[in-house]
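Trainee: The following file, model18.cif, comprises mmCIF, C-alpha atoms:
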```cif
data_start
#
loop_
_atom_site.group_PDB
_atom_site.id
_atom_site.type_symbol
_atom_site.label_atom_id
_atom_site.label_comp_id
_atom_site.auth_asym_id
_atom_site.auth_seq_id
_atom_site.Cartn_x
_atom_site.Cartn_y
_atom_site.Cartn_z
ATOM 1 C CA MET A 280 -12.414 7.934 26.778
ATOM 2 C CA ASN A 281 -15.865 6.981 25.571
ATOM 3 C CA LYS A 282 -15.710 4.954 22.311
ATOM 4 C CA GLU A 283 -18.722 6.802 20.908
ATOM 5 C CA ILE A 284 -16.969 10.148 21.326
ATOM 6 C CA ILE A 285 -13.814 8.807 19.695
ATOM 7 C CA GLU A 286 -15.779 7.527 16.704
ATOM 8 C CA LYS A 287 -17.528 10.876 16.308
ATOM 9 C CA ALA A 288 -14.204 12.731 16.554
ATOM 10 C CA LYS A 289 -12.723 10.555 13.786
ATOM 11 C CA LYS A 290 -15.344 11.947 11.403
ATOM 12 C CA ILE A 291 -14.257 15.571 11.848
ATOM 13 C CA LYS A 292 -12.764 16.920 8.623
ATOM 14 C CA LEU A 293 -12.950 20.688 9.151
ATOM 15 C CA ILE A 294 -13.044 23.257 11.927
ATOM 16 C CA ILE A 295 -14.526 26.654 11.166
ATOM 17 C CA LEU A 296 -13.378 29.580 13.269
ATOM 18 C CA ASP A 297 -14.138 33.243 13.740
ATOM 19 C CA VAL A 298 -11.147 35.455 14.533
ATOM 20 C CA ASP A 299 -11.901 38.157 17.097
ATOM 21 C CA GLY A 300 -12.390 36.597 20.491
ATOM 22 C CA VAL A 301 -11.759 33.089 19.121
ATOM 23 C CA MET A 302 -8.245 33.136 17.658
ATOM 24 C CA THR A 303 -7.468 36.372 19.550
ATOM 25 C CA ASP A 304 -8.070 37.713 23.035
ATOM 26 C CA GLY A 305 -10.784 39.942 21.598
ATOM 27 C CA SER A 306 -8.642 43.075 21.490
ATOM 28 C CA ILE A 307 -8.523 45.199 18.357
ATOM 29 C CA ILE A 308 -5.890 47.912 18.503
ATOM 30 C CA LEU A 309 -6.223 50.820 16.085
ATOM 31 C CA ASP A 310 -3.559 53.499 15.771
ATOM 32 C CA ASN A 311 -3.814 57.067 14.473
ATOM 33 C CA LYS A 312 -2.429 56.005 11.078
ATOM 34 C CA GLY A 313 -5.278 53.566 10.405
ATOM 35 C CA ASN A 314 -3.293 50.442 11.263
ATOM 36 C CA GLU A 315 -5.076 47.559 12.926
ATOM 37 C CA PHE A 316 -3.377 45.157 15.299
ATOM 38 C CA LYS A 317 -4.612 41.833 16.660
ATOM 39 C CA MET A 318 -3.076 39.602 19.293
ATOM 40 C CA PHE A 319 -3.106 35.940 18.226
ATOM 41 C CA HIS A 320 -2.363 33.304 20.837
ATOM 42 C CA VAL A 321 0.468 30.975 19.863
ATOM 43 C CA ARG A 322 -1.323 27.987 21.446
ATOM 44 C CA ASP A 323 -4.289 28.395 19.098
ATOM 45 C CA GLY A 324 -1.922 28.407 16.145
ATOM 46 C CA HIS A 325 -0.132 25.354 17.480
ATOM 47 C CA ALA A 326 -3.438 23.496 17.875
ATOM 48 C CA ILE A 327 -4.448 24.357 14.300
ATOM 49 C CA LYS A 328 -1.091 23.092 13.001
ATOM 50 C CA MET A 329 -1.460 19.877 15.016
ATOM 51 C CA LEU A 330 -4.967 19.337 13.639
ATOM 52 C CA SER A 331 -3.709 19.820 10.086
ATOM 53 C CA LYS A 332 -1.170 17.055 10.646
ATOM 54 C CA THR A 333 -4.081 14.701 11.360
ATOM 55 C CA GLY A 334 -5.845 15.737 8.152
ATOM 56 C CA ILE A 335 -8.321 18.121 9.761
ATOM 57 C CA LYS A 336 -8.499 21.395 7.856
ATOM 58 C CA ALA A 337 -9.381 24.815 9.229
ATOM 59 C CA ALA A 338 -11.404 27.661 7.757
ATOM 60 C CA ILE A 339 -11.994 31.228 8.887
ATOM 61 C CA ILE A 340 -15.223 33.181 8.601
ATOM 62 C CA THR A 341 -15.041 36.677 10.074
ATOM 63 C CA GLY A 342 -17.102 39.846 9.919
ATOM 64 C CA ARG A 343 -14.134 42.214 9.855
ATOM 65 C CA LYS A 344 -11.534 42.619 7.100
ATOM 66 C CA SER A 345 -7.876 42.675 8.032
ATOM 67 C CA GLY A 346 -4.627 41.967 6.222
ATOM 68 C CA VAL A 347 -3.220 40.527 9.416
ATOM 69 C CA VAL A 348 -5.878 37.769 9.297
ATOM 70 C CA ASP A 349 -4.695 36.805 5.806
ATOM 71 C CA ARG A 350 -1.122 36.713 7.059
ATOM 72 C CA ARG A 351 -1.949 34.557 10.082
ATOM 73 C CA ALA A 352 -4.018 32.209 7.921
ATOM 74 C CA ARG A 353 -1.068 31.782 5.520
ATOM 75 C CA GLU A 354 1.273 31.084 8.450
ATOM 76 C CA LEU A 355 -1.086 28.365 9.687
ATOM 77 C CA GLY A 356 -1.836 26.877 6.258
ATOM 78 C CA ILE A 357 -5.493 27.920 6.316
ATOM 79 C CA ARG A 358 -6.671 28.234 2.723
ATOM 80 C CA GLU A 359 -10.372 28.931 3.244
ATOM 81 C CA VAL A 360 -10.526 32.518 4.530
ATOM 82 C CA TYR A 361 -13.713 34.562 4.264
ATOM 83 C CA GLN A 362 -13.535 38.137 5.563
ATOM 84 C CA GLY A 363 -16.153 40.863 5.693
ATOM 85 C CA ILE A 364 -18.872 38.242 6.040
ATOM 86 C CA PHE A 365 -21.969 39.155 7.995
ATOM 87 C CA ASN A 366 -24.113 36.247 6.783
ATOM 88 C CA LYS A 367 -21.771 33.605 8.145
ATOM 89 C CA SER A 368 -24.340 30.834 7.796
ATOM 90 C CA ALA A 369 -24.238 31.163 3.975
ATOM 91 C CA VAL A 370 -20.457 30.643 3.942
ATOM 92 C CA TYR A 371 -20.833 27.851 6.484
ATOM 93 C CA ASP A 372 -23.263 26.101 4.142
ATOM 94 C CA LEU A 373 -20.840 26.601 1.226
ATOM 95 C CA LEU A 374 -18.012 25.008 3.212
ATOM 96 C CA LEU A 375 -20.213 22.073 4.176
ATOM 97 C CA ARG A 376 -21.000 21.442 0.502
ATOM 98 C CA LYS A 377 -17.282 21.498 -0.377
#
```
Here is a file; write its structure as structure tokens.

Mentor:
Amino acid sequence: MNKEIIEKAKKIKLIILDVDGVMTDGSIILDNKGNEFKMFHVRDGHAIKMLSKTGIKAAIITGRKSGVVDRRARELGIREVYQGIFNKSAVYDLLLRK
């Protein structure tokens, strides 16, 4: 692998993810009782856990609000979770400053 790419990759400290269509297949299932369901892919979760073992943290910025996102974030050790965010660039800038 190219040494320049490896050196750049070593500087990564944080990945910032959306949820729908990024950590999921893009499906949002709503039932008649107001429950919302999302399908998370286990491989994405595994990759996030592997990254955390190398010291790379993850954050979530998503436009929707869902309790299931909080649960999945807890399962994966993601502490920075921002839901109901439509101005994602403002939260992105906040995370960069942190």

Trainee: Suppose a student applies the PyMOL selection byres ((chain A and resi 374) around 9) to this structure; what residues should they get, written as a CSV table (one decimal) with C-alpha atoms, in the frame of the given file?

Mentor:
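Final file, part36.csv:
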```csv
chain,number,residue,atom,x,y,z
A,293,LEU,CA,-13.0,20.7,9.2
A,295,ILE,CA,-14.5,26.7,11.2
A,338,ALA,CA,-11.4,27.7,7.8
A,359,GLU,CA,-10.4,28.9,3.2
A,369,ALA,CA,-24.2,31.2,4.0
A,370,VAL,CA,-20.5,30.6,3.9
A,371,TYR,CA,-20.8,27.9,6.5
A,372,ASP,CA,-23.3,26.1,4.1
A,373,LEU,CA,-20.8,26.6,1.2
A,375,LEU,CA,-20.2,22.1,4.2
A,376,ARG,CA,-21.0,21.4,0.5
A,377,LYS,CA,-17.3,21.5,-0.4
```

Trainee: Which residues are near Ile335 (chain A)? Cut-off 12 Å, all atoms listed in the file, ignore same chain within fewer than 4 positions. Put them as a list of chain:residue names.

Mentor: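 After dropping sequence-adjacent residues, the list is A:Ala288, A:Lys289, A:Lys290, A:Ile291, A:Lys292, A:Leu293, A:Ile294, A:Ile295, A:Ala326, A:Ile327, A:Lys328, A:Met329, A:Leu330, A:Ser331, A:Gly356, A:Ile357.
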
Trainee: Give the answer as one residue: which of A:Ile307, A:Leu296, A:Met302, A:Leu355 has the shortest atom-to-atom distance to Phe319 (chain A), using only C-alpha atoms?

Mentor: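 Of all the options, A:Met302 lies closest to Phe319 (chain A).
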
Trainee: Enter the distance from CA of Met318 (chain A) to CA of Asp304 (chain A), in Å, rounded to one decimal.

Mentor: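 Computed distance, CA of Met318 (chain A) to CA of Asp304 (chain A), equals 6.5 Å.
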
Trainee: Enclose the full set of atoms of region 353-366 of chain A listed in the file within a box whose edges lie along x, y and z, apply 8 Å of padding to each of the six sides, and report centre and edge lengths in Å to one decimal as lines of an AutoDock Vina configuration file.

Mentor:
```
center_x = -11.4
center_y = 33.9
center_z = 6.2
size_x = 41.4
size_y = 30.0
size_z = 23.0
```

Trainee: Taking (-13.3, 31.6, 13.5) in the coordinates of the supplied file, I want to know which residues reach to within 10 Å of it, counting all atoms listed in the file; could you give the answer as a list in words?

Mentor: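 Within 10 Å of (-13.3, 31.6, 13.5), the protein and nucleic acid residues are Ile294, Ile295, Leu296, Asp297, Val298, Asp299, Gly300, Val301, Met302, Thr303, Ala337, Ala338, Ile339, Ile340, Thr341, Gly342, Val360 and Tyr361 of chain A.
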
Trainee: Could you jot down the CA of Gly324 (chain A) to CA of Ser306 (chain A) separation for me, Å, one decimal place?

Mentor: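 Rounded to one decimal, the two atoms are 17.0 Å apart.
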
Trainee: Hey, which of A:Arg351, A:Arg322, A:Arg343, A:Asn281 ends up closest to Phe365 (chain A)? Count only C-alpha atoms.

Mentor: A:Arg343

Trainee: Mind telling me what the PyMOL selection byres ((chain A and resi 345) around 9) catches here, as a PDB file with C-alpha atoms, in the frame of the given file?

Mentor:
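The file below, out.pdb, is the result:
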```pdb
ATOM      1  CA  GLU A 315      -5.076  47.559  12.926  1.00  0.00           C
ATOM      2  CA  PHE A 316      -3.377  45.157  15.299  1.00  0.00           C
ATOM      3  CA  ARG A 343     -14.134  42.214   9.855  1.00  0.00           C
ATOM      4  CA  LYS A 344     -11.534  42.619   7.100  1.00  0.00           C
ATOM      5  CA  GLY A 346      -4.627  41.967   6.222  1.00  0.00           C
ATOM      6  CA  VAL A 347      -3.220  40.527   9.416  1.00  0.00           C
ATOM      7  CA  VAL A 348      -5.878  37.769   9.297  1.00  0.00           C
ATOM      8  CA  ASP A 349      -4.695  36.805   5.806  1.00  0.00           C
ATOM      9  CA  GLN A 362     -13.535  38.137   5.563  1.00  0.00           C
ATOM     10  CA  GLY A 363     -16.153  40.863   5.693  1.00  0.00           C
TER      11      GLY A 363
END
```

Trainee: One decimal, in Å: what's the spacing between CA of Lys367 (chain A) and CA of Ala352 (chain A)?

Mentor: 17.8 Å

Trainee: Nearest residue to Arg350 (chain A) out of A:Lys287, A:Lys312, A:Lys282, A:Lys317, using all atoms listed in the file?

Mentor: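 The shortest atom-to-atom distance to Arg350 (chain A) comes from A:Lys317.
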
Trainee: Counting only C-alpha atoms, which of A:Ile284, A:Lys336, A:Asn366, A:Gly305 gets nearest to His320 (chain A)?

Mentor: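 Closest residue, counting only C-alpha atoms: A:Gly305.
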